[in-house]
Structure formats: structure tokens, C-alpha cells
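In what follows, a single structure is set out as C-alpha cells and then discussed.
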Amino acid sequence: MGGIELLTITVLAVFVGFEVVSKVASILHTPLMSGANAIHGIILVGAITVAGQATDGWVLAVGLLAVVLATANLIGGFVVTDRMLEMFRGRNVSGKGGKDAAAPEKGGAK
Amino acid sequence: MGGIELLTITVLAVFVGFEVVSKVASILHTPLMSGANAIHGIILVGAITVAGQATDGWVLAVGLLAVVLATANLIGGFVVTDRMLEMFRGRNVSGKGGKDAAAPEKGGAK
Amino acid sequence: MTILDPTWTALLYLVAAVCFILALKGLSSPKHARRGNLVGALGALVALVTVFASSRLENIPWILGAIVVGAAIAAPVARRVKMTQMPQLVAMFNGVGGGAAALVALLELPNASDGWLRLAIAFTLLVGAVSFAGSAITFAKLQELMTTRPVVFPGLPVVMGVVLVAAVGAGAAVVMSGSAGIAVVLLGVGLVAGVLLVLPVGGADVPIVISLLNAFTGLAVAASGLVLGNVLLVVAGTLVGASGTILTRLMAAAMGRSVAGIMFGAFRGGSTAGSTTVSERPVRSSSAEDVAVLLGYAQRVIIVPGYGLAVAQGQHTAAELAQALEARGVAVEFAIHPVAGRMPGHMNVLLAEANVPYESLKEMSEVNGDFKQADVALVVGANDVVNPAAKTTPGSPIYGMPILEAGDARQVVFLKRSMRPGFAGIENELLYEPQTTLLFGDAKDSLAKVLTAVKGL
Amino acid sequence: MTILDPTWTALLYLVAAVCFILALKGLSSPKHARRGNLVGALGALVALVTVFASSRLENIPWILGAIVVGAAIAAPVARRVKMTQMPQLVAMFNGVGGGAAALVALLELPNASDGWLRLAIAFTLLVGAVSFAGSAITFAKLQELMTTRPVVFPGLPVVMGVVLVAAVGAGAAVVMSGSAGIAVVLLGVGLVAGVLLVLPVGGADVPIVISLLNAFTGLAVAASGLVLGNVLLVVAGTLVGASGTILTRLMAAAMGRSVAGIMFGAFRGGSTAGSTTVSERPVRSSSAEDVAVLLGYAQRVIIVPGYGLAVAQGQHTAAELAQALEARGVAVEFAIHPVAGRMPGHMNVLLAEANVPYESLKEMSEVNGDFKQADVALVVGANDVVNPAAKTTPGSPIYGMPILEAGDARQVVFLKRSMRPGFAGIENELLYEPQTTLLFGDAKDSLAKVLTAVKGL
Ligand SMILES: NC(=O)c1ccc[n+]([C@@H]2O[C@H](COP(=O)([O-])OP(=O)(O)OC[C@H]3O[C@@H](n4cnc5c(N)ncnc54)[C@H](OP(=O)(O)O)[C@@H]3O)[C@@H](O)[C@H]2O)c1
Ligand SMILES: NC(=O)c1ccc[n+]([C@@H]2O[C@H](COP(=O)([O-])OP(=O)(O)OC[C@H]3O[C@@H](n4cnc5c(N)ncnc54)[C@H](OP(=O)(O)O)[C@@H]3O)[C@@H](O)[C@H]2O)c1
């Protein structure tokens with residue numbers, strides 16, 4: 001793939017990242033950080049690719065280590081973010097609570 | 001250039017377009033529409049390209065027509081937008097005016 | 001000439017694309033709007049220099065000549081147009097942009113080697129033509145070259161269906177055959193579709209349609225970018241398409257309407273626009289002198305400008321009246337409803353042009369509490385935006401729209417020409433309230449008379 | 001196995017990338033935060049299925065095994081961790097992600113054919129290693145495996161300079177030679193740099209550093225996406241890098257500080273953290289029973305939780321106390337300062353975990369007017385967030401930070417262990433005000449005693 005296309009994609013992704021996050025309420029700073037943290041765990045795809053191409057033992061070992069670490073990042077990240085957000089579940093915010101009201105997804109099981 | 005890269009670029013540009021505009025104050029609706037209108041006048045680049053490749057008279061004529069139209073869109077669009085926004089120039093909004101205060105670029109010449 | 005290699009070309013196009021993004025960002029923020037527009041123009045300049053410096057172009061003198069012609073037509077018009085005519089000018093510029101995109105696509109057809117490219121070409125032809133013709137009709141409506149009322153004829157839905165089928169058929173044929181002849185047919189079908197799409201829309205809804213067609217043109221430009229393999233066109237077109245779509249929805253929402261309702265409302269017979277029912281109930285009307293006394297000895301006056309002020313072009317007179325009152329020690333504010341006037345935000349522009357200080361222009365949410373303390377609410381050519389039916393009458397076409405609470409003022413004065421309702425075509429109970437007085441006549445004339453009388457107090 | 005052709009693969013990766021964008025969008029909105037996280041997880045799932053279905057992979061059993069191991073380690077920890085320990089867990093997950101990116105880059109080095117790719121690899125190695133080591137130190141600080149105070153030693157700036165030079169040198173050598181040996185050296189330099197970068201940061205600033213390292217890891221992932229030619233990694237990494245940068249600045253701004261000040265403040269000797277000055281001036285202290293009477297017979301109590309409540313893990317006791325008071329008819333609210341606690345927004349999470357109803361949690365701007373009507377402001381393990389110096393003392397490290405106006409309440413009760421200042425290391429005049437009473441002791445113990453006494457009233 002051409003470098004310029006990748007650069008264009010990168011630049012656009014920078015704008016998307018800036019814009020999406022720029023107005024987040026302070027109450028969501030921590031979950032947002034944690035969720036973004038989970039997203040970069042997608043390096044797992046890269047780790048799988050290199051581990052899957054390994055022919056020599058050392059390379060495979062390092063590749064598998066990368067897979068373990070990336071998996072921990074990815075799965076741990078999403079789980080811990082969900083737990084944080086679960087804290088706000090099922091609370092009665094109907095009517096009040098205003099624009100900063102957190103996540104009224106009712107009835108999520110503990 | 002590959003179709004997938006272009007698709008990716010398109011998708012990202014959609015998000016940028018959505019996000020950037022999603023919280024605009026109603027006072028800016030008209031100038032924003034007009035400014036966006038000017039931006040699509042960049043089809044002029046395409047018109048120049050096709051007119052510059054024309055070898056036969058008809059094609060050149062149609063290409064030049066496209067150049068004229070696109071130029072009108074591009075230049076007229078930016079000028080009319082600037083005029084709209086100039087209306088808000090030099091107004092004293094220091095201190096007050098709040099977040100919806102319009103364009104305090106002082107001292108723009110009439 | 002080819003000075004730039006492809007990498008540099010692509011980089012400069014990317015710079016231009018970033019300029020466009022920053023332009024939209026700037027235009028969305030009151031502080032940076034004007035600078036945003038200039039950044040956009042800068043991006044366009046970068047792109048133009050790049051295209052000349054990077055491609056092997058023939059016919060350069062011709063092209064430069066065409067650019068000069070285009071600029072010579074557009075710039076003076078754009079510089080001299082009256083504020084009240086800006087909407088139709090924007091419509092026209094939008095239309096020619098769509099037309100240009102369609103022409104570019106037409107000329108690229110012979111070079112389109114695969115089906116996907118021809119699909120993009122067919123899309124551009126159709127959408128560009130719709131945008132061109134639709135914009136022409138909106139222009140004619142706003143310029144009052146034709147009736148501003150919805151135009152509907154009995155077989156319209158059927159005709160629309162036929163056109164749709166023709167468009168799909170011709171589009172498919174273009175994709176299959178790549179024939180230039182069929183492409184021209186598709187272009188023609190697009191023109192017809194554009195006309196039919198906009199005819200049934202009422203005059204006051206036209207701004208929404210302009211915004212929608214603006215988004216269409218953006219999409220057409222993006223598609224022609226795909227055809228030409230030009231990332232800048234893809235990004236710029238997509239940006240405009242996406243932001244235009246959002247903007248259209250925001251504008252419609254500010255009027256409490258849906259985009260679909262605006263486009264197809266007339267088909268369903270539910271068009272609310274342009275009723276001319278005149279009520280027979282009694283109202284209190286008075287003379288310009290009476291109104292002048294009311295205003296001149298008030299402590300606090302809130303002026304509510306509306307569509308009629310724009311039609312009468314009375315903004316300068318209104319500003320003078322405000323000045324004269326303030327010279328007498330009366331506190332004067334203008335209460336701006338987001339959908340008053342011809343386009344969203346248009347009242348601000350109109351009054352700013354008349355040099356009303358920005359601090360005197362109050363947004364709805366800011367000012368609504370103030371009516372209770374106001375001695376007089378002077379409603380100039382506005383109607384729907386102060387109609388209490390929006391709060392009291394479920395089922396009314398404006399039910400649910402936030403309004404300016406002019407009725408809370410101790411006295412309400414309407415300047416209008418008759419008892420005819422406004423855009424929504426419904427009665428305004430506020431006209432019959434005991435605290436309301438009417439001064440009949442063209443808004444500008446009435447304001448001028450009141451102004452003279454105030455100065456003579 | 002290769003079931004998917006490249007086009008489908010790319011499309012599915014694009015779907016995953018869109019999921020990630022939507023995830024960030026969702027996470028930025030209180031209403032959709034949890035769903036946003038799930039959408040992100042869905043995107044990850046799509047990407048994983050895609051990579052298995054599209055590449056010719058060897059060693060699949062091994063890889064699956066490694067995934068199981070990783071999941072088996074991370075999931076239970078993530079599920080069982082205490083709310084108060086979430087920051088360090090996030091730091092750890094972030095660090096291992098950075099480490100994984102660095103390892104991937106290391107293994108790709110032999111395949112990198114041109115200088116640009118090797119540059120991206122060098123970048124990933126360095127930044128990934130910094131992120132890994134830096135996160136490890138933040139983990140150690142937050143878990144109190146080491147001192148939470150800034151660690152600075154005399155030659156630190158010099159050592160940092162040497163490390164920087166070494167990083168640039170080794171990076172350049174990797175780009176030139178592509179040697180795996182030098183790459184490992186670069187990795188080592190990155191680890192050292194990460195340690196040195198985080199050591200001088202005080203415990204309370206660590207959350208900002210976590211966010212910064214999070215952005216770093218995003219950039220490392222994006223760079224390794226460039227190396228692998230994988231658009232998904234590029235988009236996801238860039239998204240995290242960009243949004244993480246903004247988030248870091250937002251977090252720092254909420255504390256009235258700059259990111260540079262946090263990272264390099266200790267070098268300039270201007271570290272504000274961790275002063276232990278104890279003042280000699282007299283204060284009023286009282287017993288748990290006195291406080292219980294004050295609270296039990298109040299009409300309106302506002303509880304201000306802070307860092308000390310988190311340290312003492314007193315959130316459940318605080319919630320019980322609030323319940324007991326409400327049972328007596330006292331109106332109780334919690335006033336949440338955006339930077340109270342260990343991380344921004346952490347107080348909300350902490351109290352929500354203790355089942356404090358969401359309506360009782362008031363943001364600063366909502367609650368600040370209420371203190372005037374409050375009988376008692378109960379400040380539990382908070383200090384800086386109620387320190388009037390932020391308004392009265394220009395030059396104070398917290399000057400300009402918005403504070404909770406606890407001093408406006410008729411009575412102020414502090415629960416803390418000593419007269420030691422908070423994070424900013426400055427005296428709090430509010431402690432010496434006539435309306436202030438102190439109850440010394442661990443926050444949880446004090447709350448428990450007060451609770452017992454309230455129940456006995
Ligand atoms: N701003 C937008 O973007 C936009 C776009 C589309 C639709 N709309 C709709 O347009 C309406 C705008 O509300 P509005 O209160 O501004 O206007 P309106 O409800 O349409 O009322 C305008 C009034 O002005 C009077 N008028 C017209 N020409 C006049 C003249 N020369 N001198 C004095 N009076 C004159 C008319 O009464 P007479 O005929 O008796 O004089 C009419 O009652 C809303 O329903 C809105 O939803 C707005
Ligand atoms: N939230 C964030 O994201 C974040 C991040 C970095 C920095 N900060 C900074 O941290 C500060 C937070 O303000 P804050 O008011 O929450 O905390 P603070 O100003 O640091 O004060 C905490 C107080 O809690 C007391 N304390 C500590 N352990 C305790 C225990 N076990 N029981 C009872 N009391 C205990 C301490 O006094 P004793 O030692 O006398 O008990 C101390 O005065 C701000 O300066 C903010 O800028 C916040």
C-alpha cells in the first residue's frame with residue numbers, strides 16, 4: 001500500500017480522534033482512557049501475524065510472548081472498562097440527571 | 001490507487017465531516033452551508049485536469065465550461081461566505097457575548 | 001509542465017484537504033468562522049497551484065482564460081449581492097458546482113476502464129445534474145422568478161416514479177456499455193429529476209433544500225474524485241457531503257420538521273405552507289403615532305424580527321429605530337429566533353448588516369426570560385416564531401417548536417400587512433389577545449413612520 | 001487457512017476500524033459509554049476472526065494457546081480488581097500493549113526493506129519500550145511497591161540527556177543497518193528512558209502519565225501498522241494516539257496544570273507534590289460523637305470526598321453514613337470535584353461502586369451554589385479541592401483551579417489523619433477558619449465511628 005494513502009488515512013484518523021474526544025465530560029475521563037487503552041490492544045492482530053509467520057523457535061517464542069501481552073491488553077482492557085461503566089448501571093436518572101447523567105443502561109446484570 | 005484505501009479515506013472523511021459540524025450554533029448555519037458550498041468548488045481541479053487532457057474541440061469546449069462553472073462555485077463561494085462573516089466583524093464582544101459570540105476578528109476593513 | 005513528482009503532488013493535495021477540514025472546523029465556531037473560510041480558500045489555492053505544477057496539461061491558455069471568465073462572473077456578483085439575496089446566490093453557486101462535477105464525469109467516461117469507475121461516473125452524472133437543476137429551481141423560487149408556493153400536479157408521483165426508473169435504467173446502461181450517448185441521456189434524466197424534486201417544496205423550506213443539494217454536490221464531487229483517482233476531491237467532497245447532511249438535519253430540526261417531510265410533504269397533501277386563510281375576528285389596530293408613544297415612553301423594548309422584515313428589507317430602519325429609542329434611554333434588544341427569516345441564522349446577518357451591535361442580538365434561550373420584564377414586544381414581520389399554538393395546540397404544524405415568548409410582554413405590537421398567517425399557515429392567537437396592537441402596512445414603511453414619530457416626541 | 005481474499009480482508013478491517021471510532025464516540029457520551037465499549041470489543045472480535053481467516057498462518061495451535069494464556073491472566077484480574085486499584089491495572093494493560101508493539105516491530109525488522117519502514121520500526125521499538133517501562137513504574141507507584149513521591153537524583157537531567165542521545169544514535173543505526181542486535185539495544189534504551197521519565201513524577205500526577213503513555217502506545221501501534229501495511233492498526237493506533245493526547249491535556253487542565261509541568265516539573269525543582277510541612281497554628285478538633293450530633297440534626301449535608309477517602313477505602317462507610325442520615329430526614333449530597341481522588345472522575349466510580357445513587361453525585365458547577373444553604377460540609381480525605389488559596393493566593397500552585405466552596409457552609413468538618421497538606425503541598429486556610437472542626441483519624445475509621453454515633457442518636 002502506498003505511503004501517501006497511509007499518510008492520508010493517518011491524518012484523517014488524527015482528526016477523528018481529536019474531534020470525537022474533544023468534548024467529553026470529566027466523569028468519563030477514566031473510562032475513556034481505559035477504553036482507548038483496550039483499543040490499542042488490537043496490536044494482537046499484528047502479534048498473531050508475526051507469530052504465524054515464525055519458522056524459527058526464537059522468533060516464535062517472542063511472537064507468542066507478544067500475543068500473550070497483546071491479548072492481556074485487549075481483553076483486560078475491555079473487561080475493566082465495562083466494569084467501570086457497569087458501576088453506573090441501572091441507576092434511576094429518568095427525568096433528572098441532566099446532560100452529564102451517566103449511562104442509564106437499565107437492568108444490566110451485576 | 002486501490003479501491004479499499006479510497007474507501008477507508010472516504011469513511012474517515014465522513015466521520016470528520018459529521019463530527020466537525022455536529023455542534024454548530026444556529027447562527028452559523030448559513031455561513032457554514034455557504035463555506036461548505038465553496039469547498040466543493042474544488043471540483044475545479046478535476047475540471048482543469050479533463051480540460052488539460054482534451055485533444056478534440058468538443059471535449060475541450062465541455063471541459064472549459066466545467067472550468068468556468070467550477071471557478072464560479074469556488075471563488076463565488078468563498079467571497080460570499082466571507083461577506084456574510086464580515087457582517088460580524090469588529091463588533092465589541094470583549095468580556096461578554098458568551099460562547100455563541102460571533103467572530104470578533106477586529107478591524108477587518110469593509 | 002511537470003515540476004512536481006507524484007509524491008509531492010499527493011502531499012500538497014493532503015495539505016489542501018487538511019485546510020478544508022480546518023476550514024469546516026473554523027466555520028463551526030463563532031470565533032474562528034472568518035479565518036476558517038480564509039483557510040479554506042488557502043487550501044483551494046494550494047490545490048490549484050498543485051494541479052498546474054503536477055500534470056502535463058494541454059490548452060493552458062484556454063484553461064486560464066476560462067478561470068478568469070468564471071472568476072469575473074462570480075466575484076462581482078458575490079461581492080455586490082444584497083444580504084437578502086444570499087440564499088439564492090449560494091443556491092446558484094452550488095448548482096454550477098454540481099454541473100461541473102457532472103461534466104467532468106461525462107468527459108472521463110471514455111477513460112473509465114472498469115465497472116466500478118463507470119458506476120461512480122453514473123452516480124456523479126445523476127447527482128450532479130439533480131443538484132444543478134434543483135438549485136436552478138430553488139434560485140428561481142427565491143428570486144421570485146416563479147411562484148414560491150409548492151407546485152404539485154396530479155400525476156407528479158407517477159412522473160417521479162417513471163423518472164426514477166429511467167434514471168436507474170440509464171445508469172445501469174452507462175455502467176454496462178460506457179456509451180457517451182446514454183450518459184447524456186442520464187444527464188437529462190437527472191435534470192428532470194432535479195426539477196421535479198424541488199418543485200413541490202414551498203418557498204420557506206427552500207433553504208433546507210439548498211443545504212441538501214449542497215450535500216449532494218459534495219457527494220458528486222467525491223465520486224468524481226474516485227473516478228479521477230484524486231484523493232483531494234474524495235476527501236473534500238465527502239467532507240461536504242457528510243457535514244451537509246448533518247447541517248440539513250440541524251436546520252430542519254430547528255424548524256421542528258423532518259427532511260423527508262419537507263421534500264415529500266406536498267405529495268402527501270400535508271403541505272403546511274402558504275395558506276392564505278383570513279380570519280374575521282376583531283383585532284386592535286392603531287396608528288404609527290400611538291406605537292411611537294408606547295415605545296418612546298417604555299423602559300424596555302424587545303424587537304422580534306421575522307421573515308417580513310427581510311422581505312420588506314426594513315433592517316436598516318429597524319436599527320435606526322432602536323438607536324432612536326436608546327437615545328431616549330429605552331433599553332432595546334433584538335430577540336432572534338433560530339428559524340426567523342429566510343434561512344437559519346439569517347436574521348443575525350440581516351441585522352448585523354444594519355450595524356445592530358452584536359450585544360443587542362439575543363438568542364432565544366437568552367432572551368425568553370426577559371419578555372416578562374419588557375414593556376413592549378415589537379414583532380416586525382414575524383408570526384410563527386411567536387405563535388403560542390406551538391405550546392398549546394397539539395396537532396398544529398408547529399406544535400413543539402420552541403417560540404419567543406413575546407406574549408409575556410406587557411404590550412405586544414405587530415407590524416404586518418394584513419391578517420394573513422405566516423409560513424405555517426395557521427392562525428396566531430396572540431394577534432387577538434387584549435395586550436396586542438396591530439400596525440398594518442409594509443414593515444419598512446411602518447418602521448419609518450414610527451421612527452419619525454419617535455423623533456418628534 | 002485463507003478463506004478471505006484481500007478485498008474482503010480489507011473491508012472487514014475497515015468495519016473493525018469503524019467499530020473503534022464508534023466505540024470512542026460512545027465512550028465520550030455518558031448515555032452510550034457502556035455500549036460504546038461493547039462496540040469496541042465487537043470490532044476487536046471482527047478483526048481477530050479476519051486475521052485468522054485471511055492470512056496463511058503457521059503455529060496456529062501455539063497462537064491460540066497464547067491467546068488463552070493471555071485471556072486467562074487478564075480477564076480474572078480485570079474482573080476482580082478493586083475499584084481503587086483500577087488505575088494501576090489500566091497502567092499495566094497499557095504497558096503490555098506497548099511491549100507487544102515493540103516485540104512485533106522487532107520481529108518485523110528482517111522483513112523491512114526500505115529506510116522508511118525501518119524508521120517506523122525504530123519508532124515503535126523506542127516508544128513501545130518507553131510505554132512498557134513507564135507503565136511498570138506507574139504501576140509500582142500506584143500499588144505502593146515503591147515511594148509515590150517524586151524520585152529525583154542530582155545527575156538526572158544529565159542521565160536523561162545521555163539516554164536521549166543513545167536513543168537517537170541507536171535509532172539511526174537501526175534505520176541504516178537494520179541490525180537486530182542494535183534493535184535490541186534500542187529496546188533497552190527505551191526501557192531505561194521509560195523508567196527515567198516516570199520516576200520524577202509524583203504519585204498524584206501518575207494518572208496523567210498513564211494517559212500520556214496510553215497515547216504513546218497508540219502511536220507505537222499505529223507505527224507498527226505502517227510496518228505491517230495493516231490499515232486497521234494504523235487507524236486504531238492513530239485514533240488512540242490522537243484522542244489520548246487530547247484526553248491527557250483535558251485531564252491536566254482539570255487540575256489547572258500543564259502536561260509539561262507534570263512531566264518535567266521535578267527537574268525544575270518546582271515539584272509541588274508531597275510536602276509534609278506541618279503547621280503549628282491552633283485548630284478546633286472534636287470527637288466522632290460531636291460530629292454525629294452536628295450531622296444528625298442538620299437539614300442539609302454536603303459530603304466532599306477526596307483522595308483520602310480512596311486511600312482509606314471508606315466509600316462504603318460513607319455511603320452508609322449518607323443513608324443513615326437520610327433515614328433521619330437529612331438531605332445529603334456528594335460534591336464531586338473533577339480532580340478529587342486518584343484519577344479524574346474516579347470519585348464517581350468509587351461512590352457508584354458503593355451504591356450511592358447517581359442523583360446524589362453532584363458535579364462541581366451544580367453543587368457550588370448549594371453550600372450556602374448547607375448546614376454542614378463534611379470533607380472526607382479531601383484538601384486541595386476545597387482550598388480557598390486557589391482563589392485568594394496568586395502564586396499558589398493551585399491558583400486558578402476551580403474549587404468546591406465548602407467554606408460557604410455553616411459548619412465545615414474535615415476528616416483527616418493529621419495537619420499535613422494535600423497533594424499540592426500547601427496549607428489550607430479553611431482548616432483554621434472559625435466554622436471548621438477537625439476529626440483526626442483514618443477516613444474509614446472516623447466515618448465508622450460517626451456512623452455508629454449517628455445510629456445511636
Ligand atoms: N429561517 C429558516 O431557516 C426557515 C426556513 C424555512 C421555513 N421557515 C419557517 O418560516 C417561519 C418563519 O417565522 P417568521 O415568524 O419569521 O415568519 P412567518 O411566520 O412566515 O410570518 C411572516 C409574517 O410577516 C408578514 N409579512 C410578510 N411580508 C411583510 C412585509 N413586507 N411587511 C410586513 N410584514 C410582512 C406576514 O404577514 P402579512 O402577509 O400579513 O404581512 C407574515 O405573517 C417559521 O414557520 C419557520 O419554520 C424558516
Ligand atoms: N483526580 C485526579 O485526576 C488527580 C490526579 C493527579 C493529581 N491530582 C491532585 O490531587 C489533589 C486531589 O485533591 P483532594 O482534595 O482529593 O486530595 P488532597 O488535596 O491530596 O488531600 C488529600 C487529603 O486526604 C488526607 N488523607 C490521606 N489519607 C487519608 C486517610 N487514610 N484517611 C483520612 N484522610 C486521609 C490527607 O491528609 P492527612 O495526610 O492529614 O490524612 C490529605 O490532606 C488535587 O491537588 C489534584 O490536583 C488529582
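Convention: chains lettered A, B, ... in C-alpha cells order; per-chain residue numbering from 1; ligands numbered from 1 as shown.
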Interface, chain B side, toward chain A (12 Å; only C-alpha atoms) as a PyMOL selection string:
chain B and resi 1-23
Step by step, measure atom-to-atom distances between ligand 1 and each residue using only C-alpha atoms and all ligand atoms, keep those at most 6 Å, then write them as number ranges by chain.
C: 204-205, 207, 255, 306-308, 311-312, 339-344, 381-385, 415-424, 442-443
Could you tell me which residues of chain D sit within 12 Å of chain B when counting only C-alpha atoms, and give me the result as a list in words?
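Filtering chain D at 12 Å from chain B with only C-alpha atoms gives Pro6, Thr7, Trp8, Thr9, Ala10, Leu11, Leu12, Tyr13, Leu14, Val15, Ala16, Ala17, Val18, Cys19, Phe20, Ile21, Leu22, Leu24, Lys25, Gly229, Asn230, Val231, Leu232, Val234, Val235, Ala236 and Leu239 of chain D.
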Contact residues around range 135-144 of chain C with only C-alpha atoms at 9 Å, ignoring same-chain residues under 5 positions, as an MDAnalysis selection string:
chainID C and resid 85 87:96 130 149 194:195 198:199 201:204 206:207 209:210 213:214
Output C-alpha atoms for every residue in the selection just made, as a PDB file, in the first residue's frame.
```
ATOM      1  CA  GLN C  85     -30.424  37.563  -1.781  1.00  0.00           C
ATOM      2  CA  PRO C  87     -29.615  32.288  -0.229  1.00  0.00           C
ATOM      3  CA  GLN C  88     -30.314  32.229  -3.941  1.00  0.00           C
ATOM      4  CA  LEU C  89     -26.697  33.071  -4.716  1.00  0.00           C
ATOM      5  CA  VAL C  90     -25.491  30.180  -2.598  1.00  0.00           C
ATOM      6  CA  ALA C  91     -28.010  28.002  -4.417  1.00  0.00           C
ATOM      7  CA  MET C  92     -26.660  29.100  -7.763  1.00  0.00           C
ATOM      8  CA  PHE C  93     -23.022  28.539  -6.850  1.00  0.00           C
ATOM      9  CA  ASN C  94     -23.979  25.141  -5.540  1.00  0.00           C
ATOM     10  CA  GLY C  95     -25.782  24.284  -8.753  1.00  0.00           C
ATOM     11  CA  VAL C  96     -22.904  25.214 -11.036  1.00  0.00           C
ATOM     12  CA  VAL C 130     -30.072  16.788  -9.917  1.00  0.00           C
ATOM     13  CA  ARG C 149     -45.665  28.117  -3.352  1.00  0.00           C
ATOM     14  CA  GLY C 194     -33.848  17.765 -10.001  1.00  0.00           C
ATOM     15  CA  VAL C 195     -36.688  19.957 -11.234  1.00  0.00           C
ATOM     16  CA  VAL C 198     -37.718  20.827  -5.835  1.00  0.00           C
ATOM     17  CA  LEU C 199     -40.984  21.983  -7.437  1.00  0.00           C
ATOM     18  CA  VAL C 201     -41.224  22.399  -1.940  1.00  0.00           C
ATOM     19  CA  GLY C 202     -42.648  25.603  -0.526  1.00  0.00           C
ATOM     20  CA  GLY C 203     -40.656  28.829  -0.580  1.00  0.00           C
ATOM     21  CA  ALA C 204     -39.836  28.914   3.097  1.00  0.00           C
ATOM     22  CA  VAL C 206     -36.136  26.156   0.202  1.00  0.00           C
ATOM     23  CA  PRO C 207     -33.119  26.862   2.444  1.00  0.00           C
ATOM     24  CA  VAL C 209     -33.341  22.068   0.123  1.00  0.00           C
ATOM     25  CA  ILE C 210     -30.326  24.200  -0.733  1.00  0.00           C
ATOM     26  CA  LEU C 213     -28.442  19.836  -2.651  1.00  0.00           C
ATOM     27  CA  ASN C 214     -25.187  21.185  -1.287  1.00  0.00           C
TER      28      ASN C 214
END
```
6 Å contact set for range 186-190 of chain D, only C-alpha atoms, chain neighbours under 4 positions out, as a list in words:
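After dropping sequence-adjacent residues, the list is Leu125, Leu126, Ala129, Val130 and Ala170 of chain D.
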Could you write those residues out with C-alpha atoms, as an mmCIF file, in the first residue's frame?
```
data_model
loop_
_atom_site.group_PDB
_atom_site.id
_atom_site.type_symbol
_atom_site.label_atom_id
_atom_site.label_comp_id
_atom_site.auth_asym_id
_atom_site.auth_seq_id
_atom_site.Cartn_x
_atom_site.Cartn_y
_atom_site.Cartn_z
ATOM 1 C CA LEU D 125 10.692 -0.123 19.453
ATOM 2 C CA LEU D 126 11.546 3.035 21.336
ATOM 3 C CA ALA D 129 9.584 0.216 25.320
ATOM 4 C CA VAL D 130 9.116 3.631 26.951
ATOM 5 C CA ALA D 170 20.631 3.529 18.204
#
```
How would you write, as a PyMOL selection string, the set of residues in range 281-383 of chain D that DSSP gives as strand (DSSP E or B)?
chain D and resi 285+300-305+331-336+361-363+376-380
Residues at most 8 Å from Gly77 in chain B, counting only C-alpha atoms, excluding those fewer than 6 positions away in the same chain, as a PyMOL selection string?
(chain B and resi 34-35+37-39+41) or (chain C and resi 78+90+93)
Can you pull out every residue from range 131-355 of chain D that DSSP, working from the backbone, puts in alpha helix (DSSP H), and format the result as an MDAnalysis selection string?
chainID D and resid 131:142 156:177 180:198 206:228 231:254 259:264 288:296 307:312 315:327 346:353
